[in-house]
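Containing mmCIF, C-alpha atoms: upload-v8.cif.
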```cif
data_coords
loop_
_atom_site.label_atom_id
_atom_site.label_comp_id
_atom_site.auth_asym_id
_atom_site.auth_seq_id
_atom_site.Cartn_x
_atom_site.Cartn_y
_atom_site.Cartn_z
CA MET A 1 -12.23 63.56 40.67
CA VAL A 2 -12.04 59.92 39.94
CA PRO A 3 -10.58 57.87 42.73
CA PHE A 4 -7.53 55.85 41.79
CA THR A 5 -8.16 52.15 41.65
CA PRO A 6 -5.22 49.91 41.08
CA GLN A 7 -5.47 47.82 37.92
CA PRO A 8 -5.08 44.12 38.41
CA LYS A 9 -1.71 42.85 37.31
CA PRO A 10 -2.08 41.11 33.93
CA ALA A 11 -1.71 37.36 34.19
CA PRO A 12 1.17 35.80 32.27
CA PRO A 13 0.06 34.53 28.86
CA ALA A 14 -1.06 30.93 28.92
CA PRO A 15 0.86 28.59 26.66
CA PRO A 16 -0.86 28.25 23.29
CA ARG A 17 -3.18 25.30 22.99
CA THR A 18 -1.66 23.64 19.98
CA LEU A 19 -4.24 21.91 17.84
CA ILE A 20 -3.61 18.25 17.04
CA LEU A 21 -5.82 16.44 14.56
CA LEU A 22 -6.24 12.69 14.97
CA ASP A 23 -7.54 10.59 12.11
CA PRO A 24 -8.41 7.02 13.11
CA ALA A 25 -8.20 5.34 9.72
CA HIS A 26 -11.02 3.37 8.10
CA GLY A 27 -14.47 3.01 9.65
CA GLY A 28 -17.94 1.98 8.59
CA PRO A 29 -17.97 -0.44 5.67
CA ASP A 30 -14.21 0.13 5.26
CA THR A 31 -12.97 -2.25 7.94
CA GLY A 32 -9.27 -1.93 7.14
CA ALA A 33 -7.03 -4.88 7.90
CA HIS A 34 -8.44 -8.06 9.39
CA LEU A 35 -6.23 -8.71 12.39
CA PRO A 36 -5.85 -11.90 14.45
CA ASN A 37 -8.59 -12.79 16.97
CA ASN A 38 -11.27 -11.38 14.64
CA LEU A 39 -10.16 -7.82 15.29
CA LEU A 40 -10.69 -5.10 12.71
CA GLU A 41 -8.28 -2.30 12.04
CA LYS A 42 -11.05 0.30 12.22
CA ASP A 43 -11.81 -0.70 15.83
CA ILE A 44 -8.16 -0.68 16.91
CA THR A 45 -7.56 2.75 15.41
CA LEU A 46 -10.66 4.12 17.16
CA SER A 47 -9.64 2.77 20.55
CA PHE A 48 -6.10 4.11 20.12
CA ASN A 49 -7.55 7.45 19.03
CA ASN A 50 -9.57 7.67 22.27
CA ARG A 51 -6.54 6.82 24.37
CA LEU A 52 -4.21 9.25 22.59
CA ARG A 53 -6.85 11.98 22.60
CA ALA A 54 -7.23 11.77 26.39
CA LEU A 55 -3.49 11.97 26.97
CA LEU A 56 -3.04 14.88 24.56
CA THR A 57 -5.88 16.81 26.20
CA ALA A 58 -4.30 16.23 29.59
CA ALA A 59 -1.06 17.66 28.20
CA ASN A 60 -2.88 20.90 27.28
CA PHE A 61 -3.25 20.16 23.58
CA ALA A 62 -6.43 20.99 21.74
CA VAL A 63 -7.48 17.81 19.95
CA ILE A 64 -10.04 17.05 17.29
CA SER A 65 -10.71 13.68 15.73
CA THR A 66 -12.10 13.03 12.29
CA ARG A 67 -14.33 10.38 13.85
CA THR A 68 -15.18 9.37 17.40
CA SER A 69 -17.42 6.41 16.53
CA ASP A 70 -17.90 3.88 13.79
CA PRO A 71 -19.78 5.64 10.98
CA SER A 72 -22.60 3.83 9.24
CA THR A 73 -21.58 5.05 5.80
CA LEU A 74 -18.27 5.21 4.00
CA PHE A 75 -16.02 7.97 5.34
CA THR A 76 -13.67 8.77 2.49
CA THR A 77 -10.08 9.93 2.77
CA ASP A 78 -11.03 13.14 0.94
CA GLN A 79 -13.61 13.91 3.64
CA ARG A 80 -10.98 13.35 6.32
CA ALA A 81 -8.54 15.64 4.52
CA GLU A 82 -11.23 18.34 4.23
CA ILE A 83 -11.82 18.25 7.98
CA ALA A 84 -8.10 18.43 8.71
CA ASN A 85 -7.39 21.23 6.26
CA HIS A 86 -10.29 23.34 7.53
CA ALA A 87 -9.13 22.86 11.13
CA ARG A 88 -5.65 24.22 10.30
CA ALA A 89 -4.10 21.87 12.82
CA ALA A 90 -0.47 22.19 13.86
CA VAL A 91 0.04 18.44 13.50
CA CYS A 92 -2.10 15.75 11.88
CA LEU A 93 -1.70 12.13 12.93
CA THR A 94 -3.40 9.37 10.94
CA LEU A 95 -3.67 6.17 12.95
CA HIS A 96 -3.39 2.66 11.48
CA ALA A 97 -2.91 -0.89 12.72
CA THR A 98 -1.57 -3.98 10.99
CA GLY A 99 -0.75 -7.60 11.64
CA SER A 100 2.47 -7.47 9.57
CA GLY A 101 5.88 -6.49 10.85
CA THR A 102 6.68 -5.48 14.37
CA GLY A 103 6.70 -2.33 16.47
CA ILE A 104 5.55 1.07 15.31
CA HIS A 105 5.88 2.20 11.72
CA LEU A 106 5.97 5.94 11.07
CA PHE A 107 5.32 7.24 7.60
CA THR A 108 5.57 10.66 6.05
CA SER A 109 4.56 11.61 2.55
CA ALA A 110 6.83 10.62 -0.33
CA LEU A 111 6.17 13.96 -2.04
CA THR A 112 9.12 16.18 -2.88
CA PRO A 113 9.13 19.53 -1.06
CA PRO A 114 8.89 22.50 -3.47
CA ALA A 115 11.80 24.93 -3.66
CA ARG A 116 9.55 27.84 -2.72
CA SER A 117 6.25 28.04 -0.92
CA PRO A 118 3.44 27.59 -3.43
CA HIS A 119 0.57 30.07 -3.78
CA VAL A 120 -1.94 27.32 -4.22
CA PHE A 121 -1.98 23.76 -2.95
CA PRO A 122 -3.02 21.17 -5.55
CA TRP A 123 -5.17 18.56 -3.83
CA ASP A 124 -3.04 15.57 -4.75
CA THR A 125 0.18 17.26 -3.60
CA ALA A 126 -1.08 19.46 -0.76
CA GLN A 127 1.31 17.86 1.70
CA ALA A 128 4.41 18.81 -0.31
CA ALA A 129 4.81 22.19 1.41
CA SER A 130 4.70 20.58 4.86
CA VAL A 131 6.85 17.53 4.18
CA ALA A 132 9.94 18.99 5.86
CA ASP A 133 8.03 19.71 9.08
CA SER A 134 6.37 16.31 8.90
CA ARG A 135 9.74 14.57 8.78
CA LEU A 136 11.05 16.58 11.73
CA ILE A 137 8.05 15.63 13.86
CA ALA A 138 8.27 12.00 12.72
CA ALA A 139 11.92 11.94 13.78
CA ALA A 140 10.96 13.37 17.19
CA ILE A 141 8.26 10.74 17.66
CA ARG A 142 10.58 7.96 16.56
CA SER A 143 13.19 9.16 19.03
CA ALA A 144 10.63 9.22 21.84
CA LEU A 145 9.44 5.72 20.96
CA THR A 146 13.01 4.42 20.93
CA GLN A 147 13.64 6.03 24.32
CA ALA A 148 10.52 4.22 25.55
CA ARG A 149 12.11 0.95 24.35
CA LEU A 150 9.59 0.50 21.57
CA PRO A 151 10.94 -0.56 18.16
CA ALA A 152 10.07 2.08 15.60
CA THR A 153 10.84 2.54 11.93
CA SER A 154 10.20 5.55 9.77
CA ALA A 155 9.76 5.63 6.03
CA ARG A 156 8.03 7.51 3.26
CA ALA A 157 4.94 6.26 1.51
CA SER A 158 2.23 7.34 -0.86
CA ILE A 159 -1.00 6.95 1.05
CA ARG A 160 -4.19 8.92 1.31
CA PRO A 161 -5.14 11.21 2.94
CA LEU A 162 -1.52 11.96 3.91
CA ASP A 163 -0.72 13.53 0.52
CA ASN A 164 -3.85 15.72 0.70
CA LEU A 165 -3.15 17.33 4.08
CA THR A 166 -1.77 20.85 4.37
CA CYS A 167 -0.65 20.36 7.97
CA PRO A 168 2.52 18.50 8.98
CA ALA A 169 1.24 14.93 8.85
CA ILE A 170 2.48 11.56 10.03
CA ALA A 171 0.88 8.15 9.62
CA ILE A 172 1.39 5.98 12.69
CA GLU A 173 0.94 2.25 12.08
CA ILE A 174 0.90 -0.03 15.10
CA ALA A 175 2.12 -3.59 14.52
CA PRO A 176 2.38 -6.44 17.03
CA LEU A 177 5.32 -6.13 19.40
CA ALA A 178 7.70 -9.04 18.89
CA ASP A 179 8.92 -10.73 22.03
CA PRO A 180 11.62 -13.40 21.62
CA SER A 181 10.68 -15.08 24.89
CA SER A 182 6.92 -15.26 24.36
CA SER A 183 4.19 -14.64 21.84
CA PRO A 184 4.00 -11.18 20.26
CA THR A 185 2.01 -8.51 22.05
CA PRO A 186 -1.10 -7.85 19.97
CA VAL A 187 -2.00 -4.37 18.77
CA SER A 188 -5.16 -4.54 20.90
CA ASP A 189 -3.14 -4.77 24.13
CA SER A 190 -4.12 -1.73 26.19
CA ALA A 191 -0.76 -1.48 28.00
CA TYR A 192 1.04 -1.54 24.64
CA GLN A 193 -1.25 1.16 23.27
CA GLN A 194 -0.80 3.26 26.42
CA HIS A 195 2.98 2.97 26.14
CA ILE A 196 2.90 4.17 22.54
CA ALA A 197 0.49 7.01 23.28
CA GLU A 198 2.61 8.28 26.16
CA ALA A 199 5.70 8.34 23.95
CA ILE A 200 3.85 10.25 21.23
CA VAL A 201 2.54 12.81 23.72
CA ALA A 202 6.03 13.26 25.16
CA ALA A 203 7.44 13.85 21.68
CA LEU A 204 4.75 16.36 20.76
CA THR A 205 5.14 18.20 24.06
CA ASP A 206 8.88 18.57 23.50
CA TRP A 207 8.29 19.61 19.93
CA ARG A 208 5.75 22.24 21.02
CA THR A 209 8.13 23.61 23.60
CA ALA A 210 10.98 23.82 21.13
CA ASN A 211 9.16 25.14 18.10
CA LEU A 212 5.76 26.64 18.71
CA THR A 213 5.82 28.47 22.02
CA GLY A 214 8.00 31.25 20.66
CA ALA A 215 6.01 31.44 17.45
CA GLY A 216 2.75 31.79 19.32
CA ARG A 217 0.86 29.22 17.28
CA MET B 218 -48.36 -67.49 -23.16
CA ILE B 219 -46.63 -64.11 -22.80
CA PRO B 220 -48.98 -61.27 -23.51
CA ARG B 221 -48.17 -59.15 -26.51
CA TYR B 222 -47.82 -55.92 -24.56
CA GLN B 223 -45.14 -57.53 -22.35
CA ARG B 224 -43.13 -58.61 -25.40
CA VAL B 225 -43.36 -55.08 -26.82
CA LEU B 226 -42.24 -53.64 -23.48
CA PHE B 227 -39.35 -56.11 -23.27
CA TRP B 228 -37.98 -55.31 -26.71
CA SER B 229 -38.46 -51.61 -26.11
CA LEU B 230 -36.38 -51.85 -22.96
CA ILE B 231 -33.70 -53.83 -24.81
CA ALA B 232 -33.59 -51.17 -27.53
CA GLY B 233 -33.29 -48.42 -24.89
CA ILE B 234 -30.43 -50.23 -23.19
CA VAL B 235 -28.57 -50.64 -26.47
CA LEU B 236 -29.17 -47.00 -27.34
CA MET B 237 -27.95 -45.74 -23.97
CA GLY B 238 -24.94 -48.06 -24.09
CA SER B 239 -23.89 -46.78 -27.49
CA PHE B 240 -24.37 -43.19 -26.32
CA LEU B 241 -22.19 -43.88 -23.29
CA ILE B 242 -19.45 -45.44 -25.37
CA HIS B 243 -19.54 -42.50 -27.76
CA GLY B 244 -19.25 -40.03 -24.87
CA CYS B 245 -16.32 -41.92 -23.40
CA ARG B 246 -14.51 -41.85 -26.73
CA GLN B 247 -15.03 -38.10 -27.06
CA ALA B 248 -13.77 -37.46 -23.52
CA HIS B 249 -10.74 -39.61 -24.20
CA GLN B 250 -9.98 -37.67 -27.37
CA ARG B 251 -10.24 -34.36 -25.49
CA LEU B 252 -7.86 -35.53 -22.78
CA THR B 253 -5.44 -36.88 -25.35
CA ALA B 254 -5.45 -33.54 -27.12
CA LEU B 255 -4.63 -31.71 -23.89
CA ASN B 256 -1.72 -34.02 -23.20
CA ASP B 257 -0.35 -33.66 -26.67
CA ALA B 258 3.33 -32.96 -26.20
CA THR B 259 4.00 -32.18 -29.82
CA PRO B 260 5.93 -28.89 -29.91
CA ILE B 261 4.07 -26.07 -31.63
CA ALA B 262 7.10 -23.81 -31.78
CA ALA B 263 10.74 -24.43 -32.39
CA PRO B 264 12.57 -24.97 -29.13
CA THR B 265 14.93 -22.23 -28.06
CA THR B 266 17.72 -22.44 -25.57
CA ALA B 267 17.48 -19.70 -22.96
CA SER B 268 20.72 -19.38 -21.13
CA THR B 269 20.57 -18.42 -17.51
CA GLN B 270 21.69 -14.97 -16.53
CA GLU B 271 22.26 -13.09 -13.37
CA ILE B 272 19.36 -11.01 -12.13
CA THR B 273 18.88 -8.93 -9.02
CA LEU B 274 15.80 -9.43 -6.89
CA TYR B 275 15.02 -6.78 -4.31
CA LEU B 276 13.52 -8.76 -1.46
CA ALA B 277 11.44 -7.10 1.23
CA ASN B 278 11.75 -7.76 4.93
CA ASP B 279 8.76 -6.96 7.15
CA ALA B 280 10.79 -7.12 10.36
CA ASP B 281 12.82 -3.99 9.67
CA GLY B 282 11.05 -2.58 6.64
CA SER B 283 14.09 -3.07 4.44
CA LEU B 284 14.62 -3.96 0.80
CA ALA B 285 17.77 -5.98 0.12
CA PRO B 286 19.27 -7.02 -3.26
CA ASP B 287 19.73 -10.73 -3.91
CA GLN B 288 21.57 -12.10 -6.96
CA ARG B 289 20.03 -15.11 -8.72
CA GLU B 290 20.71 -17.12 -11.88
CA LEU B 291 17.53 -17.38 -13.92
CA ALA B 292 16.49 -18.27 -17.46
CA LEU B 293 13.98 -15.76 -18.77
CA PRO B 294 12.13 -15.37 -22.09
CA GLN B 295 13.60 -13.03 -24.68
CA ASP B 296 10.43 -11.05 -25.33
CA PRO B 297 10.56 -8.01 -23.02
CA THR B 298 6.96 -8.18 -21.80
CA LEU B 299 7.09 -11.93 -21.19
CA ARG B 300 10.47 -11.50 -19.61
CA ALA B 301 9.21 -8.82 -17.22
CA ARG B 302 6.17 -10.87 -16.30
CA ALA B 303 8.24 -14.01 -15.65
CA LEU B 304 10.68 -11.99 -13.55
CA LEU B 305 7.95 -10.46 -11.37
CA GLU B 306 6.15 -13.79 -11.00
CA TYR B 307 9.42 -15.37 -9.90
CA LEU B 308 9.98 -12.53 -7.42
CA LEU B 309 6.51 -12.84 -5.89
CA ALA B 310 6.83 -16.63 -5.76
CA GLN B 311 9.78 -16.13 -3.39
CA TYR B 312 7.40 -14.46 -0.95
CA SER B 313 5.19 -17.54 -0.75
CA LEU B 314 8.05 -19.74 0.45
CA PRO B 315 7.92 -20.78 4.12
CA THR B 316 11.17 -18.93 4.86
CA SER B 317 9.96 -15.65 3.39
CA THR B 318 10.56 -12.48 5.38
CA HIS B 319 7.62 -10.85 3.61
CA PRO B 320 5.02 -13.63 3.51
CA LEU B 321 2.42 -13.49 0.75
CA GLN B 322 -0.01 -16.14 -0.44
CA SER B 323 0.89 -18.26 -3.44
CA GLY B 324 -1.09 -18.28 -6.64
CA PRO B 325 -1.28 -16.25 -9.84
CA THR B 326 0.26 -12.84 -9.30
CA VAL B 327 0.97 -10.89 -12.48
CA ASP B 328 -1.32 -10.99 -15.50
CA ASP B 329 0.65 -8.75 -17.85
CA VAL B 330 3.42 -6.20 -18.05
CA PHE B 331 3.34 -3.52 -20.74
CA PHE B 332 5.98 -0.99 -21.73
CA ILE B 333 5.19 2.46 -23.09
CA ASN B 334 7.80 4.91 -24.33
CA LEU B 335 7.99 8.19 -22.47
CA PRO B 336 7.08 10.97 -22.69
CA LEU B 337 3.45 10.20 -23.29
CA ALA B 338 1.32 12.28 -25.62
CA THR B 339 -0.82 13.40 -22.69
CA PRO B 340 0.69 14.45 -19.39
CA THR B 341 0.68 11.79 -16.71
CA ALA B 342 -0.38 12.52 -13.18
CA ARG B 343 2.76 12.94 -11.13
CA ASN B 344 3.42 14.00 -7.62
CA ALA B 345 6.50 16.04 -8.40
CA LEU B 346 6.07 19.79 -8.12
CA SER B 347 7.77 22.39 -10.21
CA PRO B 348 10.49 24.08 -8.15
CA ALA B 349 9.63 27.41 -9.75
CA THR B 350 5.88 27.53 -9.44
CA GLY B 351 5.01 24.94 -6.84
CA MET B 352 2.50 23.51 -9.28
CA PRO B 353 2.57 19.98 -10.73
CA SER B 354 5.29 19.99 -13.30
CA GLN B 355 4.33 19.91 -16.96
CA ASP B 356 6.90 19.97 -19.69
CA LYS B 357 5.84 22.88 -21.90
CA SER B 358 8.61 22.21 -24.37
CA ARG B 359 7.11 18.86 -25.27
CA SER B 360 6.43 18.74 -28.97
CA SER B 361 3.65 16.89 -30.69
CA HIS B 362 6.26 14.59 -32.19
CA PRO B 363 8.59 13.89 -29.32
CA ALA B 364 12.07 12.70 -30.01
CA LYS B 365 12.78 9.06 -29.39
CA SER B 366 13.35 8.58 -25.69
CA THR B 367 15.04 5.75 -23.89
CA SER B 368 12.86 6.00 -20.79
CA GLN B 369 9.78 3.83 -20.50
CA LEU B 370 6.68 3.55 -18.40
CA ALA B 371 5.95 0.01 -17.24
CA ILE B 372 2.36 -0.92 -16.53
CA VAL B 373 2.08 -3.92 -14.26
CA ASN B 374 -1.30 -5.61 -14.35
CA LEU B 375 -1.67 -7.54 -11.12
CA HIS B 376 -3.95 -10.54 -10.80
CA GLY B 377 -7.15 -9.87 -8.89
CA SER B 378 -6.76 -12.79 -6.49
CA PHE B 379 -3.23 -11.68 -5.60
CA VAL B 380 -4.49 -8.26 -4.56
CA GLU B 381 -7.48 -9.68 -2.71
CA SER B 382 -5.25 -11.94 -0.63
CA HIS B 383 -2.50 -9.38 -0.01
CA PRO B 384 -1.95 -8.48 3.67
CA SER B 385 -3.28 -5.07 4.63
CA GLY B 386 -0.98 -2.43 6.09
CA ILE B 387 1.02 0.60 5.03
CA GLN B 388 4.44 -1.00 5.39
CA VAL B 389 3.63 -4.40 3.96
CA GLU B 390 1.88 -2.91 0.93
CA ALA B 391 4.59 -0.32 0.30
CA LEU B 392 7.29 -3.00 0.50
CA THR B 393 5.53 -5.17 -2.08
CA LEU B 394 5.28 -2.26 -4.51
CA LEU B 395 8.86 -1.13 -3.93
CA SER B 396 10.14 -4.69 -4.35
CA LEU B 397 8.34 -5.02 -7.68
CA ILE B 398 9.51 -1.60 -8.89
CA ALA B 399 13.14 -2.00 -7.85
CA THR B 400 13.42 -5.50 -9.33
CA LEU B 401 11.82 -4.38 -12.57
CA HIS B 402 14.11 -1.35 -12.82
CA SER B 403 17.14 -3.53 -12.14
CA ALA B 404 16.35 -5.81 -15.09
CA PHE B 405 15.02 -3.00 -17.31
CA PRO B 406 17.04 0.15 -16.56
CA GLU B 407 15.10 2.06 -19.20
CA VAL B 408 11.94 1.77 -17.07
CA THR B 409 11.75 5.02 -15.13
CA GLU B 410 8.11 4.97 -14.04
CA VAL B 411 5.79 2.18 -13.01
CA ARG B 412 2.02 2.14 -12.79
CA PHE B 413 -0.18 -0.62 -11.45
CA LEU B 414 -3.51 -2.01 -12.60
CA VAL B 415 -5.53 -4.76 -10.98
CA ALA B 416 -7.30 -7.20 -13.32
CA GLY B 417 -6.95 -4.60 -16.06
CA GLN B 418 -8.65 -1.84 -14.09
CA PRO B 419 -7.33 1.13 -12.11
CA ARG B 420 -7.66 0.67 -8.38
CA ASP B 421 -7.27 3.11 -5.49
CA THR B 422 -5.10 1.03 -3.18
CA LEU B 423 -3.30 -2.30 -3.08
CA ALA B 424 -5.01 -3.58 0.07
CA GLY B 425 -6.49 -0.47 1.65
CA HIS B 426 -3.38 1.68 2.06
CA ALA B 427 -0.69 2.00 -0.63
CA ASP B 428 -1.83 4.38 -3.37
CA LEU B 429 -2.16 2.73 -6.79
CA THR B 430 -3.55 5.78 -8.57
CA ARG B 431 -0.15 7.40 -9.11
CA ALA B 432 2.92 6.56 -11.14
CA TYR B 433 5.91 5.49 -9.08
CA SER B 434 9.41 6.65 -9.92
CA ALA B 435 11.52 3.56 -10.57
CA THR B 436 14.82 5.33 -10.10
CA ALA B 437 13.84 6.65 -6.68
CA ALA B 438 12.52 3.25 -5.58
CA THR B 439 15.69 1.35 -6.40
CA PRO B 440 18.40 1.35 -3.76
CA THR B 441 21.83 2.37 -4.97
CA GLU B 442 24.64 -0.16 -5.07
CA THR B 443 26.28 1.31 -2.01
CA THR B 444 23.21 1.70 0.16
CA LYS B 445 20.89 -1.05 1.11
CA ARG B 446 17.33 0.23 1.19
CA THR B 447 16.11 0.53 4.69
CA THR B 448 13.38 2.61 6.16
CA ASP B 449 13.29 6.36 5.83
CA THR B 450 14.28 6.40 2.18
CA GLN B 451 12.46 7.82 -0.76
CA PRO B 452 10.14 5.37 -2.50
#
```

Could you render the structure from this file as C-alpha cells?
Amino acid sequence: MVPFTPQPKPAPPAPPRTLILLDPAHGGPDTGAHLPNNLLEKDITLSFNNRLRALLTAANFAVISTRTSDPSTLFTTDQRAEIANHARAAVCLTLHATGSGTGIHLFTSALTPPARSPHVFPWDTAQAASVADSRLIAAAIRSALTQARLPATSARASIRPLDNLTCPAIAIEIAPLADPSSSPTPVSDSAYQQHIAEAIVAALTDWRTANLTGAGR
Amino acid sequence: MIPRYQRVLFWSLIAGIVLMGSFLIHGCRQAHQRLTALNDATPIAAPTTASTQEITLYLANDADGSLAPDQRELALPQDPTLRARALLEYLLAQYSLPTSTHPLQSGPTVDDVFFINLPLATPTARNALSPATGMPSQDKSRSSHPAKSTSQLAIVNLHGSFVESHPSGIQVEALTLLSLIATLHSAFPEVTEVRFLVAGQPRDTLAGHADLTRAYSATAATPTETTKRTTDTQP
C-alpha cells in the first residue's frame, strides 16, 4: 500500500513575459544624424536602448536588442527586420534621435491594413497586418508621454525596417526638448532619456495588462 | 666696344618681350570677348508675359509636425515640367528663409520634374495591398493598350547637394517629402503618384530615414480643404 503524500499546491501562473524587441537605429559606418556637440545618432540610440532595456527588464518584460554595441560593419535594416521577425516579439520599438523639432515623435507604418489577414507577408508590406495594433500601442505610448508632461506627436511614415516587421512596430524619435525659459534639453541628457523611458515602460505595462494577460501571450 | 654675343642676347631679349607682350594682349582680347558674350542681353526667344496666379504651398512646421496651406501669387512658366520645377524650387526656397519653421539650406534643389501617364506598362511597386488576397495589388484587367488616363506619375529629380545637406530625422525628412508632394498635387491635380530620384539615380532614403524607393500617393499626402494636416495623418 502506497502511503498518501499530499501533493504540493500548484503555484499560480506567473504573468507571461512579453517579448519586446528594441532596435537602436543605425550603427557602424551608418552614423545616422549628426547632432549638436559632435554627437552621433547611432550613439544616442544605443544609450537609450540600454536605458530602456534595463527598465523593461525590471518590469518583467523579456527584451532583446538588435544590437548592444557599435558594429564594425554595416548593419542593414533588412538584417534588423530578420532578427525581429524571427523573434516573434509582441512589440517592436525602433529607436531614433534627431536635432530637428521638439519632444518625442512616434511613427507607425503608412501601410494600409488589409481587409483580411494575409496568408503570406510580402517583405515590403509585412507590417500591413499589424498596423492596427501598432497604432493602438503608439496611442498608448503617446498618452503616457503626455501624462509625463513630455510633448509627443504621432504620425505615419514610410521608413525601413518598420514596413518589413511582422510585429506591432513603432518608431520612437527623440528630439531636443524645447524650454521657453532656457536652452533646449539635448537628446543626450540622461534625465530626459530616463523620463521618456519610464513613460514608455508605463505605457507598455498598461497595454500588457489590458491586452495580453488574458490572451496568454 | 660691346661684344657681339651681348648684342645678340640684347636683341633676343627684346624680341622675347615683344612676343610675350603681343601674346598677353591677344589673351586679354579673347577673355574680353568671352565675357562680353556671356553678358549679351540680346533676347534669344520672344518675350512672353506670364501673368501671376494663385498657388497653394503646403509649408511644413517642425515644431508640431504639421503641414499648412499658404496661398501665394506667383508667375510660373507655361510648360508643365518647367512649371513644376519652378514651383518646387520656389517652395524649397521658402525653407531657407530665416523665418522658416522647417529650416533647410539654400542652394540648388530640384534638377528636373517629369510626368508619366498612368497606368504604366509595367506594374509599379506600391505598398497598397489587395483587400481580397492580402497581396500587393496588381490590376489584372490592364490591357496592353491602356485607355487614356488622366492620372499621372510625377518623378522629381532632386539635386544631390540638396539631399546631402538635408537634416536627418524621420519627421523632418517626411515633412519635406509631404510638402513637395502636396504642393505638386495642388498645382497639378492629375498627379496621383510621386517618385523621387537624387541626381538622376534611385536612392534608398532622403537623409537616412524617409524611404525614397517607393511611390508616394499624392492624394493621400495632400490635406483636404477642411482639415489642416497635422500629425497622425496618412502620408

Selection result for the PyMOL selection byres ((chain A) within 6 of (chain B)) on this file, as a VMD selection string:
chain A and resid 33 98 101 to 102 114 to 115 118 154 to 156 158 to 159

Top pick for closest residue to His105 (chain A), considering A:Asn85, A:Asn38, A:Thr153, A:Thr209 and counting only C-alpha atoms:
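Closest to His105 (chain A) of all the choices is A:Thr153.
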
From A:Leu93, A:Leu165, A:Leu22, A:Leu52, residue lying nearest Arg67 (chain A) [all atoms listed in the file]:
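Checking each candidate against Arg67 (chain A), we get A:Leu22 as the closest.
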
For the atom pair CA of Ser368 (chain B) and CA of Ile272 (chain B), what is the interatomic distance in Å to one decimal place?
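Rounded to one decimal, the two atoms are 20.2 Å apart.
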
Which is closest to Arg53 (chain A) among A:Asn211, A:Gln194, A:Gln147, A:Asn164, if we use only C-alpha atoms?
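Of A:Asn211, A:Gln194, A:Gln147, A:Asn164, the one nearest Arg53 (chain A), counting only C-alpha atoms, is A:Gln194.
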
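For the atom pair formed by CA of Phe75 (chain A) and CA of Gly32 (chain A), the distance is 12.1 Å, given to one decimal.
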